[in-house]
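Scroll down for the structure; my scribbles are underneath it.
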Amino acid sequence: MSPTSLRYEDVEQFTCRFEALFDAGDAAGMAACYAEDARLLAEHADLVRGRDAIERFWREAISRARAASAVRTISLDEVVSSGDLGYALGTVAVRIPSGPVLITKYATVWQRDPDGRWRLAVDSSSPNP
């Protein structure tokens, strides 16, 4: 599922597939998009290290979102790459029934693996004031 190029259009398609995995409750599928030694930084959470820990993180996030009937929407703003590294910037809107829409900014660092696929090396998010 990881893209073979880091063009804007490819990352935009990736975000749609990634969100579909979230909606389907497929934490393992989401974790497969990360490099084996990836890092994930999220609000109110310790640094998450490695694909297995990232899978556990997403499993818990999916469970919390389902319990709250939350709906997430990823928006991609910018993609830049050079050589075997790149980054993407965007926002995630979380809509909870009868609650405010929560907006989070994100930055992801991508690396090209030896198999030619781009995978997430760093996934960082923070609240949007």
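Here's how to read the names in the structure tokens: chain A, B, ... by the order shown, residue numbers from 1 in each chain, ligand numbers from 1 in the order shown.
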In chain A, what's strand (DSSP E or B) per DSSP? Answer as a PyMOL selection string?
-> chain A and resi 34-41+48-49+71-82+85-95+101-112+118-127
From a DSSP pass on the backbone, collect the residues of segment 46-110 of chain A flagged as alpha helix (DSSP H) and hand them back as a PyMOL selection string.
-> chain A and resi 51-67
Env of Val71 of chain A: 8 Å cut, atoms = only C-alpha atoms, seq-sep filter 5 positions within chain, self excluded. Answer as a compact mmCIF listing (two decimals) with all heavy atoms, in the first residue's frame.
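The resulting selection.txt:
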# COMPACT_ATOMS: atom_id res chain seq x y z
N ALA A 65 -11.76 6.22 18.76
CA ALA A 65 -12.56 6.92 17.76
C ALA A 65 -13.93 6.25 17.58
O ALA A 65 -14.95 6.93 17.50
CB ALA A 65 -11.81 6.96 16.42
N VAL A 94 -11.15 15.96 13.12
CA VAL A 94 -11.88 14.90 13.81
C VAL A 94 -13.23 15.49 14.24
O VAL A 94 -13.27 16.46 15.00
CB VAL A 94 -11.10 14.38 15.04
CG1 VAL A 94 -11.91 13.31 15.77
CG2 VAL A 94 -9.74 13.85 14.64
N ARG A 95 -14.28 14.88 13.71
CA ARG A 95 -15.63 15.33 14.03
C ARG A 95 -16.28 14.33 14.98
O ARG A 95 -16.38 13.15 14.67
CB ARG A 95 -16.45 15.44 12.75
CG ARG A 95 -16.00 16.59 11.88
CD ARG A 95 -16.65 16.55 10.49
NE ARG A 95 -16.22 17.68 9.70
CZ ARG A 95 -15.05 17.78 9.09
NH1 ARG A 95 -14.18 16.81 9.18
NH2 ARG A 95 -14.73 18.85 8.38
N ILE A 96 -16.70 14.85 16.13
CA ILE A 96 -17.37 14.03 17.13
C ILE A 96 -18.80 14.55 17.24
O ILE A 96 -19.01 15.75 17.40
CB ILE A 96 -16.65 14.12 18.49
CG1 ILE A 96 -15.21 13.63 18.34
CG2 ILE A 96 -17.39 13.33 19.56
CD1 ILE A 96 -14.33 13.88 19.55
Within 6 Å of Ser124 of chain A using only C-alpha atoms, minus same-chain residues under 2 positions, as a PyMOL selection string | chain A and resi 40-41+106-107
9 Å contact set for Pro127 of chain A, only C-alpha atoms, chain neighbours under 3 positions out, as an MDAnalysis selection string = chainID A and resid 43 102:106
Name the residues in contact with Trp118 of chain A at a cut-off of 7 Å, using only C-alpha atoms, excluding same-chain residues fewer than 3 positions from it; report them as JSON, numbers by chain.
-> {"A": [2, 3, 4, 5, 110, 111, 112, 113]}
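The list of residues with at least one atom within 6 Å of Gly50 of chain A, based on only C-alpha atoms and without residues fewer than 6 positions apart in the same chain, reads Glu36, Asp37 and Ala38 of chain A.
Note that atom CA of Cys16 of chain A and atom CA of Arg72 of chain A are 11.0 Å apart.
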